[in-house]
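Colleague: Sharing work-v5.txt here; it has compact mmCIF, C-alpha atoms.
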# COMPACT_ATOMS: atom_id res chain seq x y z
CA MET A 1 127.91 105.98 78.59
CA SER A 2 130.27 106.07 75.57
CA LYS A 3 128.74 104.88 72.30
CA GLU A 4 132.15 103.66 71.03
CA LYS A 5 132.02 99.94 70.26
CA VAL A 6 134.60 97.15 70.50
CA ALA A 7 134.61 93.67 69.01
CA VAL A 8 134.14 90.67 71.32
CA TYR A 9 134.52 87.09 70.08
CA ILE A 10 132.19 84.31 71.18
CA SER A 11 131.93 80.75 69.92
CA LYS A 12 129.97 80.18 66.74
CA GLU A 13 127.86 77.62 68.57
CA LEU A 14 126.83 80.10 71.29
CA TYR A 15 126.18 82.74 68.64
CA GLU A 16 123.80 80.38 66.82
CA ARG A 17 122.02 79.49 70.08
CA VAL A 18 121.54 83.16 70.97
CA LYS A 19 120.28 83.86 67.45
CA LYS A 20 117.75 81.04 67.73
CA PHE A 21 116.74 82.22 71.22
CA ILE A 22 116.04 85.74 69.98
CA GLU A 23 114.07 84.44 66.99
CA THR A 24 111.83 82.28 69.16
CA GLN A 25 111.52 84.44 72.29
CA GLY A 26 111.51 87.94 70.78
CA GLY A 27 112.22 91.08 72.82
CA PHE A 28 115.59 91.82 71.16
CA SER A 29 116.19 92.99 67.61
CA THR A 30 119.88 92.06 67.38
CA ILE A 31 122.35 89.71 69.06
CA GLU A 32 124.41 92.74 70.05
CA GLU A 33 121.40 94.22 71.90
CA PHE A 34 120.89 90.91 73.72
CA VAL A 35 124.56 90.62 74.72
CA GLU A 36 124.68 94.22 75.97
CA PHE A 37 121.52 93.66 78.04
CA VAL A 38 122.81 90.46 79.65
CA LEU A 39 126.23 91.95 80.45
CA ASN A 40 124.63 95.07 81.94
CA GLU A 41 122.42 92.91 84.14
CA VAL A 42 125.42 90.93 85.42
CA ILE A 43 127.64 93.89 86.26
CA SER A 44 124.90 96.06 87.78
CA GLU A 45 124.85 94.12 91.06
CA GLU A 46 125.92 97.23 92.93
CA PRO A 47 124.64 98.03 96.42
CA THR A 48 121.48 100.14 96.66
CA SER A 49 121.55 103.73 97.76
CA TYR A 50 119.48 102.74 100.79
CA THR A 51 122.31 102.13 103.19
CA MET A 52 121.37 100.12 106.22
CA SER A 53 123.48 99.44 109.25
CA LYS A 54 123.02 96.34 111.42
CA GLU A 55 121.38 98.61 113.97
CA ASP A 56 118.88 99.94 111.37
CA GLU A 57 118.14 96.41 110.26
CA GLU A 58 117.46 95.39 113.85
CA LYS A 59 115.06 98.35 114.22
CA VAL A 60 113.18 97.22 111.11
CA LYS A 61 113.02 93.67 112.48
CA GLU A 62 111.76 95.02 115.79
CA ARG A 63 108.85 96.75 114.03
CA LEU A 64 108.15 93.62 111.99
CA ARG A 65 108.05 91.58 115.20
CA ALA A 66 105.76 94.11 116.88
CA LEU A 67 103.38 93.92 113.93
CA GLY A 68 103.47 90.12 114.02
CA TYR A 69 105.20 89.62 110.68
CA ILE A 70 108.12 87.69 112.16
CA MET B 71 117.43 86.62 96.64
CA VAL B 72 114.88 89.46 96.61
CA SER B 73 114.62 91.53 93.46
CA LYS B 74 116.97 94.45 92.91
CA PRO B 75 115.19 97.82 93.17
CA HIS B 76 114.11 99.35 89.88
CA GLY B 77 117.03 101.30 88.46
CA ASN B 78 119.25 99.45 90.99
CA LYS B 79 118.64 102.16 93.56
CA LEU B 80 116.16 102.05 96.45
CA ILE B 81 115.31 105.67 97.07
CA ASN B 82 115.13 107.08 100.58
CA ARG B 83 114.02 110.71 100.81
CA VAL B 84 112.70 110.52 104.35
CA VAL B 85 114.36 113.21 106.43
CA VAL B 86 115.08 112.32 110.06
CA GLY B 87 116.84 113.66 113.15
CA ARG B 88 118.34 117.14 113.32
CA ARG B 89 118.07 117.71 109.59
CA ARG B 90 114.31 117.15 109.88
CA ASP B 91 114.08 119.62 112.79
CA HIS B 92 115.96 122.17 110.69
CA LEU B 93 113.82 121.61 107.58
CA LEU B 94 110.60 121.76 109.59
CA GLU B 95 111.63 125.25 110.71
CA GLU B 96 112.60 126.19 107.16
CA ALA B 97 109.26 124.85 105.86
CA LYS B 98 107.39 127.45 107.92
CA GLU B 99 108.98 130.25 105.88
CA LEU B 100 108.51 128.74 102.42
CA PRO B 101 105.60 129.23 100.01
CA ARG B 102 103.03 126.49 100.59
CA ILE B 103 101.03 124.39 98.21
CA GLU B 104 98.18 122.32 99.61
CA ILE B 105 97.94 118.88 97.95
CA SER B 106 95.25 116.20 97.89
CA GLU B 107 95.44 112.94 99.82
CA THR B 108 96.28 111.13 96.57
CA LEU B 109 99.23 113.43 95.86
CA ALA B 110 100.34 113.26 99.50
CA ALA B 111 100.34 109.46 99.16
CA ASP B 112 102.46 109.76 95.99
CA THR B 113 104.88 112.06 97.84
CA ILE B 114 105.23 109.57 100.67
CA ASN B 115 105.62 106.66 98.24
CA ILE B 116 108.42 108.49 96.43
CA ALA B 117 110.21 109.17 99.72
CA HIS B 118 110.01 105.56 100.88
CA GLY B 119 111.29 104.14 97.59
CA VAL B 120 108.00 102.66 96.37
CA TYR B 121 108.53 104.52 93.07
CA SER B 122 112.33 104.02 92.89
CA PRO B 123 114.29 105.34 91.04
CA LEU B 124 112.09 108.48 91.13
CA GLU B 125 113.25 111.04 93.67
CA GLY B 126 110.45 113.50 93.06
CA PHE B 127 107.63 114.46 90.73
CA MET B 128 108.53 114.24 87.06
CA THR B 129 110.05 117.07 85.12
CA GLN B 130 109.00 117.56 81.52
CA GLU B 131 111.71 115.41 79.92
CA ASP B 132 110.76 112.34 81.94
CA TYR B 133 107.05 113.13 81.56
CA ILE B 134 107.29 113.25 77.76
CA HIS B 135 109.43 110.11 77.57
CA VAL B 136 107.04 108.18 79.82
CA LEU B 137 104.02 109.40 77.92
CA HIS B 138 105.33 108.46 74.48
CA ASP B 139 108.00 105.79 75.01
CA MET B 140 106.95 104.26 78.36
CA ARG B 141 110.49 104.84 79.63
CA LEU B 142 112.22 107.47 81.72
CA SER B 143 114.66 109.73 79.90
CA ASN B 144 117.49 107.40 81.03
CA ASP B 145 115.70 104.50 79.27
CA ILE B 146 114.51 102.75 82.44
CA PRO B 147 111.01 101.29 81.91
CA TRP B 148 108.25 103.44 83.42
CA THR B 149 104.69 103.56 82.16
CA ILE B 150 102.62 105.95 84.31
CA PRO B 151 103.63 109.62 84.74
CA ILE B 152 104.04 110.61 88.38
CA ILE B 153 103.06 114.26 88.27
CA LEU B 154 102.04 117.11 90.54
CA ASP B 155 99.43 119.47 89.12
CA VAL B 156 98.87 123.04 90.33
CA ASN B 157 96.73 126.03 89.40
CA PRO B 158 98.60 129.00 87.85
CA GLU B 159 97.28 131.19 90.70
CA ASP B 160 98.85 128.81 93.26
CA ILE B 161 102.34 129.59 91.98
CA VAL B 162 102.30 133.27 91.02
CA ASP B 163 105.15 134.01 93.43
CA ILE B 164 107.03 130.81 92.75
CA LYS B 165 109.68 130.25 90.08
CA GLU B 166 111.93 127.41 88.96
CA GLY B 167 114.74 126.88 91.46
CA ASP B 168 112.57 127.77 94.47
CA ASP B 169 111.86 125.47 97.39
CA ILE B 170 108.24 125.09 98.47
CA THR B 171 106.41 123.29 101.25
CA LEU B 172 103.84 120.71 100.25
CA THR B 173 101.05 120.55 102.80
CA HIS B 174 98.09 118.25 103.32
CA ASN B 175 95.28 119.42 105.61
CA ASN B 176 97.61 122.36 106.31
CA LYS B 177 100.27 120.09 107.79
CA PRO B 178 103.72 120.20 106.13
CA ILE B 179 104.39 116.93 104.33
CA ALA B 180 107.52 117.65 102.32
CA ILE B 181 109.86 120.27 100.92
CA MET B 182 110.07 120.25 97.15
CA LYS B 183 112.77 121.82 95.01
CA ILE B 184 110.99 123.12 91.93
CA GLU B 185 113.16 122.23 88.96
CA GLU B 186 110.55 122.92 86.35
CA ILE B 187 107.08 124.39 85.82
CA TYR B 188 105.40 123.27 82.61
CA GLY B 189 102.08 122.88 80.86
CA TRP B 190 100.51 119.60 79.81
CA ASP B 191 97.98 118.41 77.28
CA LYS B 192 95.44 116.44 79.30
CA ASN B 193 93.77 115.06 76.21
CA GLU B 194 97.09 113.68 74.95
CA TYR B 195 97.78 112.25 78.41
CA CYS B 196 94.45 110.37 78.29
CA LYS B 197 95.09 109.09 74.75
CA GLN B 198 98.51 107.76 75.69
CA VAL B 199 97.90 106.48 79.23
CA PHE B 200 94.29 105.27 79.01
CA LYS B 201 94.05 104.79 75.22
CA ALA B 202 90.76 106.65 75.66
CA THR B 203 89.27 110.10 75.86
CA ASP B 204 85.76 108.86 76.64
CA PRO B 205 84.53 110.52 79.85
CA THR B 206 82.93 107.25 80.99
CA HIS B 207 86.50 106.07 81.71
CA PRO B 208 87.10 107.07 85.39
CA GLY B 209 90.76 107.87 84.72
CA VAL B 210 89.82 110.22 81.87
CA THR B 211 87.28 112.09 83.99
CA LYS B 212 89.75 112.41 86.83
CA THR B 213 92.56 113.62 84.54
CA MET B 214 90.39 116.19 82.75
CA GLY B 215 89.50 117.64 86.17
CA ARG B 216 93.14 118.12 87.16
CA LYS B 217 94.90 121.49 87.33
CA GLU B 218 96.55 123.26 84.40
CA LEU B 219 100.26 123.25 85.22
CA LEU B 220 102.74 120.62 86.42
CA ILE B 221 105.66 121.16 88.73
CA GLY B 222 108.59 118.77 88.79
CA GLY B 223 111.50 118.25 91.14
CA PRO B 224 112.83 116.19 94.07
CA ILE B 225 111.09 116.05 97.44
CA ASP B 226 112.25 115.57 101.03
CA LEU B 227 109.66 114.01 103.31
CA LEU B 228 109.07 115.66 106.68
CA ASN B 229 105.82 114.11 107.88
CA ASP B 230 103.65 111.16 107.02
CA ILE B 231 99.88 111.42 106.65
CA TYR B 232 97.52 109.52 108.94
CA GLU B 233 97.29 105.89 107.88
CA PRO B 234 94.28 104.01 109.31
CA PHE B 235 95.87 100.70 108.25
CA GLU B 236 99.21 101.39 109.94
CA LYS B 237 99.49 97.83 111.24
CA TYR B 238 99.34 96.59 107.63
CA ARG B 239 101.62 99.18 106.07
CA LEU B 240 105.09 98.09 105.14
CA TRP B 241 107.67 100.00 103.09
CA PRO B 242 110.05 98.42 100.56
CA ILE B 243 112.99 98.44 102.97
CA GLU B 244 110.83 96.55 105.48
CA THR B 245 109.50 93.93 103.07
CA ARG B 246 113.04 93.38 101.81
CA VAL B 247 114.27 92.68 105.34
CA LEU B 248 111.18 90.53 105.96
CA PHE B 249 111.59 88.42 102.81
CA GLU B 250 115.26 87.89 103.63
CA ALA B 251 114.36 86.92 107.22
CA LYS B 252 111.89 84.40 105.85
CA ARG B 253 114.63 83.14 103.49
CA TRP B 254 112.35 83.55 100.50
CA ARG B 255 114.23 83.61 97.21
CA THR B 256 111.22 83.92 94.95
CA ILE B 257 108.26 86.14 95.81
CA ALA B 258 105.13 86.72 93.74
CA GLY B 259 103.36 90.05 94.15
CA PHE B 260 99.58 90.17 93.93
CA GLN B 261 97.85 93.45 93.22
CA THR B 262 94.18 93.86 94.08
CA ARG B 263 91.44 96.38 94.69
CA ASN B 264 88.77 93.83 95.53
CA VAL B 265 87.65 91.54 98.30
CA PRO B 266 88.88 88.03 97.54
CA HIS B 267 86.56 85.50 95.94
CA LEU B 268 87.56 81.94 95.11
CA GLY B 269 88.75 82.92 91.65
CA HIS B 270 91.36 85.21 93.24
CA GLU B 271 92.32 82.53 95.74
CA TYR B 272 92.87 80.04 92.91
CA VAL B 273 95.18 82.47 91.10
CA GLN B 274 97.11 83.26 94.30
CA LYS B 275 97.55 79.61 95.18
CA ALA B 276 98.49 78.68 91.61
CA ALA B 277 101.32 81.24 91.83
CA LEU B 278 102.31 80.19 95.34
CA THR B 279 102.82 76.64 94.11
CA PHE B 280 105.87 77.85 92.19
CA VAL B 281 107.39 80.49 94.46
CA ASP B 282 108.56 80.64 98.08
CA GLY B 283 106.19 83.39 99.17
CA LEU B 284 103.18 85.43 98.15
CA PHE B 285 102.98 89.17 98.77
CA ILE B 286 99.32 90.24 98.78
CA ASN B 287 99.34 94.00 98.41
CA PRO B 288 95.91 95.63 97.93
CA LEU B 289 95.67 99.28 97.06
CA VAL B 290 93.97 101.62 99.48
CA GLY B 291 93.12 105.16 98.51
CA TRP B 292 91.14 106.69 95.67
CA LYS B 293 89.00 104.23 93.74
CA LYS B 294 85.88 104.64 91.67
CA ARG B 295 82.34 104.65 93.01
CA GLY B 296 81.01 101.12 93.51
CA ASP B 297 84.41 99.59 94.35
CA PHE B 298 84.84 98.01 97.79
CA LYS B 299 85.80 100.24 100.69
CA ASP B 300 89.37 99.85 101.90
CA GLU B 301 88.37 98.55 105.31
CA VAL B 302 86.22 95.81 103.79
CA ILE B 303 89.13 94.63 101.63
CA ALA B 304 91.59 94.59 104.55
CA ARG B 305 89.24 92.73 106.89
CA ALA B 306 88.20 90.24 104.19
CA TYR B 307 91.85 89.34 103.58
CA GLU B 308 92.47 89.04 107.32
CA VAL B 309 89.94 86.21 107.59
CA LEU B 310 90.89 84.59 104.29
CA ILE B 311 94.55 84.35 105.30
CA GLN B 312 93.65 83.23 108.81
CA HIS B 313 91.53 80.32 107.58
CA TYR B 314 92.85 79.32 104.15
CA PHE B 315 96.54 80.18 103.71
CA PRO B 316 99.71 78.73 105.22
CA LYS B 317 100.94 81.66 107.33
CA ASP B 318 104.62 81.10 106.58
CA SER B 319 104.04 81.65 102.89
CA ILE B 320 102.09 84.90 102.97
CA VAL B 321 102.82 88.54 103.63
CA PHE B 322 99.82 90.86 103.58
CA SER B 323 100.36 94.60 103.44
CA VAL B 324 98.41 97.54 102.06
CA LEU B 325 99.69 100.25 99.74
CA ARG B 326 98.13 103.71 99.69
CA MET B 327 98.09 104.56 96.01
CA GLU B 328 95.31 105.54 93.66
CA MET B 329 93.91 103.20 91.02
CA ARG B 330 94.31 104.72 87.57
CA TYR B 331 92.33 102.09 85.61
CA ALA B 332 95.00 102.39 82.90
CA GLY B 333 94.93 98.67 82.01
CA PRO B 334 98.16 97.48 80.32
CA ARG B 335 100.30 100.49 81.26
CA GLU B 336 99.17 100.25 84.86
CA ALA B 337 99.93 96.51 84.93
CA VAL B 338 103.58 97.29 84.17
CA PHE B 339 103.58 100.11 86.73
CA HIS B 340 102.13 97.76 89.36
CA ALA B 341 104.88 95.25 88.57
CA ILE B 342 107.61 97.92 88.95
CA VAL B 343 106.20 98.98 92.32
CA ARG B 344 106.17 95.37 93.59
CA LYS B 345 109.72 94.90 92.28
CA ASN B 346 110.71 97.73 94.60
CA PHE B 347 109.12 95.84 97.47
CA GLY B 348 111.46 92.94 96.59
CA CYS B 349 109.14 90.74 94.53
CA THR B 350 110.78 88.59 91.87
CA HIS B 351 107.49 87.75 90.16
CA PHE B 352 104.22 89.58 89.59
CA ILE B 353 100.83 88.05 88.91
CA VAL B 354 99.05 89.48 85.89
CA GLY B 355 95.53 88.19 85.50
CA ARG B 356 92.68 88.85 83.12
CA ASP B 357 91.95 92.54 82.42
CA HIS B 358 94.52 93.76 84.93
CA ALA B 359 93.72 97.33 86.09
CA GLY B 360 91.00 97.48 83.46
CA VAL B 361 87.60 99.06 83.61
CA GLY B 362 84.46 98.37 81.55
CA ASN B 363 85.40 97.21 78.06
CA PHE B 364 88.20 99.69 77.51
CA TYR B 365 90.90 97.02 77.25
CA LYS B 366 90.99 93.54 75.71
CA PRO B 367 90.90 90.75 78.35
CA TYR B 368 94.58 89.82 77.94
CA GLU B 369 95.94 93.11 76.59
CA ALA B 370 97.94 93.60 79.79
CA TRP B 371 99.91 90.42 78.97
CA GLU B 372 101.00 91.74 75.57
CA ILE B 373 102.61 94.93 76.83
CA PHE B 374 105.18 93.03 78.93
CA LYS B 375 106.84 91.87 75.67
CA GLU B 376 108.04 95.45 75.24
CA PHE B 377 110.04 95.30 78.48
CA PRO B 378 112.62 92.50 78.40
CA ASP B 379 114.64 94.64 80.82
CA LEU B 380 111.87 95.07 83.44
CA GLY B 381 113.68 93.02 86.08
CA ILE B 382 110.58 91.27 87.44
CA THR B 383 108.98 88.21 85.89
CA PRO B 384 105.28 88.47 85.05
CA LEU B 385 103.22 85.40 85.87
CA PHE B 386 100.42 85.26 83.34
CA ILE B 387 97.60 83.36 84.97
CA ARG B 388 94.44 82.78 83.00
CA GLU B 389 90.96 83.57 84.20
CA SER B 390 89.74 80.81 86.48
CA PHE B 391 86.23 79.43 86.75
CA TYR B 392 84.40 76.72 88.63
CA CYS B 393 83.81 73.65 86.46
CA LYS B 394 80.91 71.45 87.53
CA LYS B 395 82.45 68.39 85.85
CA CYS B 396 86.00 68.97 87.16
CA GLY B 397 84.45 69.72 90.54
CA GLY B 398 86.76 72.61 91.31
CA PHE B 399 88.50 75.76 90.12
CA VAL B 400 90.31 75.40 86.80
CA ASN B 401 91.13 77.48 83.76
CA GLU B 402 90.56 77.00 80.06
CA LYS B 403 94.02 75.53 79.56
CA ILE B 404 93.44 72.63 81.94
CA CYS B 405 89.68 72.03 81.68
CA PRO B 406 88.35 70.02 78.71
CA HIS B 407 84.66 70.63 79.42
CA SER B 408 82.18 72.76 77.56
CA ASP B 409 81.04 76.21 78.53
CA GLU B 410 77.73 75.12 80.10
CA ASN B 411 79.72 73.38 82.85
CA ARG B 412 81.74 76.47 83.65
CA ILE B 413 80.66 79.06 86.19
CA ARG B 414 82.57 82.28 86.05
CA ILE B 415 82.95 84.23 89.29
CA SER B 416 82.88 87.94 88.84
CA GLY B 417 82.81 90.90 91.17
CA THR B 418 79.50 91.89 89.58
CA LYS B 419 77.88 88.54 90.46
CA LEU B 420 79.22 88.73 94.00
CA ARG B 421 77.88 92.27 94.31
CA ARG B 422 74.34 91.05 93.51
CA PHE B 423 74.47 88.55 96.38
CA ILE B 424 75.80 91.22 98.72
CA LEU B 425 73.09 93.72 97.83
CA ARG B 426 70.41 91.06 98.38
CA LYS B 427 72.25 89.91 101.55
CA GLU B 428 71.82 86.42 100.15
CA LYS B 429 74.37 83.68 100.88
CA PRO B 430 76.35 82.95 97.70
CA PRO B 431 77.29 79.39 96.62
CA GLU B 432 80.40 78.01 98.34
CA TYR B 433 82.36 77.98 95.09
CA MET B 434 82.01 81.75 94.87
CA VAL B 435 83.33 83.15 98.12
CA ARG B 436 84.50 81.79 101.47
CA PRO B 437 81.75 82.04 104.13
CA GLU B 438 84.07 83.88 106.54
CA VAL B 439 84.81 86.48 103.87
CA PHE B 440 81.15 86.93 103.05
CA GLU B 441 80.35 87.36 106.73
CA VAL B 442 82.88 90.19 106.93
CA ILE B 443 81.39 91.90 103.88
CA LEU B 444 77.88 91.69 105.31
CA SER B 445 79.04 93.14 108.63
CA PHE B 446 79.30 96.52 106.86
CA ASP B 447 76.12 98.54 106.33
CA ASN B 448 77.46 99.57 102.95
CA PRO B 449 80.69 97.88 101.82
CA PHE B 450 80.89 99.96 98.63
CA ILE B 451 82.33 103.40 97.88
CA GLU B 452 79.53 105.88 97.29
Give the structure from this file in structure tokens form.

Modeller:
Amino acid sequence: MSKEKVAVYISKELYERVKKFIETQGGFSTIEEFVEFVLNEVISEEPTSYTMSKEDEEKVKERLRALGYI
Amino acid sequence: MVSKPHGNKLINRVVVGRRRDHLLEEAKELPRIEISETLAADTINIAHGVYSPLEGFMTQEDYIHVLHDMRLSNDIPWTIPIILDVNPEDIVDIKEGDDITLTHNNKPIAIMKIEEIYGWDKNEYCKQVFKATDPTHPGVTKTMGRKELLIGGPIDLLNDIYEPFEKYRLWPIETRVLFEAKRWRTIAGFQTRNVPHLGHEYVQKAALTFVDGLFINPLVGWKKRGDFKDEVIARAYEVLIQHYFPKDSIVFSVLRMEMRYAGPREAVFHAIVRKNFGCTHFIVGRDHAGVGNFYKPYEAWEIFKEFPDLGITPLFIRESFYCKKCGGFVNEKICPHSDENRIRISGTKLRRFILRKEKPPEYMVRPEVFEVILSFDNPFIE
């Protein structure tokens, strides 16, 4: 991923809330790090590499039924 | 919604159909390396996505990053190296870039593409992973006895190994379908290597109060001497769930994977594995994956602060005890009474009752569970 940065504007109020959140909760050293993490989480909702057809899913369910799980 | 797989990618390296037939033929011609049951289990876990996003045994870059930074080289959290050790004499005719056949009991398990052959410092491994080099630590002893070289690269699974608990073995793709079918949105994973006493049951039920479902997932496979045998654990949970849990809220399944006794690092690893099964939460109790006094009682809680991007929420549940004045199981946060009223349930205490074949108090273990334990001549690993 490119390391080039761009400026994004958010409200002062939200900025202050995020700052307070980081100070009390920890886990992030800067607001920028927090924002990048949250945005990455939101846009990474891509499908998994485990592709499953309806037929495959039915086979899995069949095994689960046979084992008594459903 | 079930949790996203770790690294957003549920790995599937299980070869099926005509490609499997072809690779099975090819495997006959390739150099072979015989691996232990533990390594065969790791191979199978990789192939079925239990260790997603890993697609094989670690190459040196990932190994070094995991050892020192507790992250893969692409910055994804990962705390325990997944490595394949070999003797130099096993690979004299093998070089980087070659394909080899991994066998267990002389049966081909997988084809591995060797990307890298490298040395490792076992002492450094122990310092980083176990925070110990003392040979009384079972993980240290086991590591120091491992072979001198590591080989890294992706695997393709051809055959499974025999699983005596087949009816209780589910893979991540199956639990994900199951959790969806049950319409669970929040699932807490529970890791164990013990038979359940009432302290465990309290922790499980405390977690279940806040989530839709509980995934009880004991480890079977290599454990230290004196731990309970796998069959005892599985049968003890069978009766506990049958008599004391609402069936719609529980999924019980075993996972063949060795215990490392690596305390905090292993707690994070256990959470990652359960995330791959679809869990949204993971229960971390007192001295998780600890052994002896090598780790502080709540050290495993602290390490989670280093992973805000783990993608599974740890549920920190305090040690529970029976309080005579409260008249039930509580923990120090909710019980105001003094220590003389508190009876702590430990595996060691339970063990004494088992060895004497003496019925323990009802606040210690369910009678049905104890009956199962006593039905074994020796319930412990020798």

Colleague: Could you list the residues in chain B lying within 7 Å of chain A, using only C-alpha atoms, and format the result as a list in words?

Modeller: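 Within 7 Å of chain A on chain B, we get Asn78, Lys79, Leu80, Ile81, Asn82, Lys237, Glu244, Lys375, Glu376 and Pro378 of chain B.
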
Colleague: Determine, counting all atoms listed in the file, which protein, DNA and RNA residues have an atom within 9 Å of an atom of B:Ile103; residues of the same chain fewer than 4 positions away are not included. Present the result as a PDB file with C-alpha atoms, keeping the file's coordinate frame.

Modeller:
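What landed in selection18.pdb:
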ATOM      1  CA  VAL B 156      98.870 123.040  90.330  1.00  0.00           C
ATOM      2  CA  ASP B 160      98.850 128.810  93.260  1.00  0.00           C
ATOM      3  CA  ILE B 161     102.340 129.590  91.980  1.00  0.00           C
ATOM      4  CA  ILE B 170     108.240 125.090  98.470  1.00  0.00           C
ATOM      5  CA  THR B 171     106.410 123.290 101.250  1.00  0.00           C
ATOM      6  CA  LEU B 172     103.840 120.710 100.250  1.00  0.00           C
ATOM      7  CA  THR B 173     101.050 120.550 102.800  1.00  0.00           C
ATOM      8  CA  HIS B 174      98.090 118.250 103.320  1.00  0.00           C
TER       9      HIS B 174
END

Colleague: Kindly extract all protein, DNA and RNA residues lying within 7 Å of the coordinates (102.7, 80.4, 89.3) given in the file, considering only C-alpha atoms, and supply them as an mmCIF file with C-alpha atoms, in the coordinates of the input.

Modeller:
data_model
loop_
_atom_site.group_PDB
_atom_site.id
_atom_site.type_symbol
_atom_site.label_atom_id
_atom_site.label_comp_id
_atom_site.auth_asym_id
_atom_site.auth_seq_id
_atom_site.Cartn_x
_atom_site.Cartn_y
_atom_site.Cartn_z
ATOM 1 C CA ALA B 276 98.490 78.680 91.610
ATOM 2 C CA ALA B 277 101.320 81.240 91.830
ATOM 3 C CA LEU B 278 102.310 80.190 95.340
ATOM 4 C CA THR B 279 102.820 76.640 94.110
ATOM 5 C CA PHE B 280 105.870 77.850 92.190
ATOM 6 C CA VAL B 281 107.390 80.490 94.460
ATOM 7 C CA LEU B 385 103.220 85.400 85.870
#

Colleague: Within 12 Å of B:Ser445, counting all atoms listed in the file, which residues show up once you throw out same-chain ones fewer than 3 positions away? Write them as a ChimeraX atom specification, please.

Modeller: /B:301-302,305-306,424,427,438-442,448-449

Colleague: In Å, with one decimal, what is the gap from atom CA of B:Pro101 to atom CA of B:Glu131?

Modeller: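 Atom CA of B:Pro101 sits 25.1 Å away from atom CA of B:Glu131.
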
Colleague: Between atom CA of B:Cys393 and atom CA of B:Glu432, what is the distance in Å, rounded to a tenth?

Modeller: 13.1 Å

Colleague: Tell me, in Å to one decimal, how far atom CA of B:Phe364 is from atom CA of B:Gly189.

Modeller: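 Interatomic distance, atom CA of B:Phe364 to atom CA of B:Gly189: 27.2 Å.
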
Colleague: Provide stretch 56-66 of chain A of the preceding structure as a file containing N, CA, C and O atoms, as a CSV table (one decimal), in the first residue's frame.

Modeller:
chain,number,residue,atom,x,y,z
A,56,ASP,N,-22.5,-26.7,-2.1
A,56,ASP,CA,-21.5,-27.0,-1.1
A,56,ASP,C,-22.1,-26.8,0.3
A,56,ASP,O,-21.9,-27.5,1.2
A,57,GLU,N,-22.8,-25.7,0.4
A,57,GLU,CA,-23.4,-25.3,1.7
A,57,GLU,C,-24.4,-26.4,2.2
A,57,GLU,O,-24.4,-26.8,3.3
A,58,GLU,N,-25.1,-26.9,1.2
A,58,GLU,CA,-26.1,-27.9,1.5
A,58,GLU,C,-25.4,-29.2,2.0
A,58,GLU,O,-25.8,-29.9,2.9
A,59,LYS,N,-24.2,-29.5,1.4
A,59,LYS,CA,-23.4,-30.7,1.8
A,59,LYS,C,-22.9,-30.5,3.2
A,59,LYS,O,-23.0,-31.5,4.0
A,60,VAL,N,-22.5,-29.3,3.5
A,60,VAL,CA,-22.0,-29.0,4.9
A,60,VAL,C,-23.2,-29.2,5.9
A,60,VAL,O,-23.1,-29.9,6.9
A,61,LYS,N,-24.3,-28.7,5.5
A,61,LYS,CA,-25.5,-28.8,6.4
A,61,LYS,C,-25.9,-30.3,6.6
A,61,LYS,O,-26.3,-30.7,7.6
A,62,GLU,N,-25.8,-31.0,5.5
A,62,GLU,CA,-26.1,-32.5,5.5
A,62,GLU,C,-25.2,-33.2,6.6
A,62,GLU,O,-25.7,-34.0,7.4
A,63,ARG,N,-23.9,-32.8,6.6
A,63,ARG,CA,-23.0,-33.4,7.6
A,63,ARG,C,-23.4,-33.0,9.0
A,63,ARG,O,-23.4,-33.8,9.9
A,64,LEU,N,-23.7,-31.7,9.1
A,64,LEU,CA,-24.0,-31.2,10.4
A,64,LEU,C,-25.3,-31.9,10.9
A,64,LEU,O,-25.4,-32.2,12.1
A,65,ARG,N,-26.2,-32.1,10.0
A,65,ARG,CA,-27.5,-32.8,10.4
A,65,ARG,C,-27.1,-34.3,10.9
A,65,ARG,O,-27.6,-34.7,11.9
A,66,ALA,N,-26.3,-34.9,10.1
A,66,ALA,CA,-25.9,-36.3,10.4
A,66,ALA,C,-25.2,-36.4,11.7
A,66,ALA,O,-25.4,-37.4,12.4
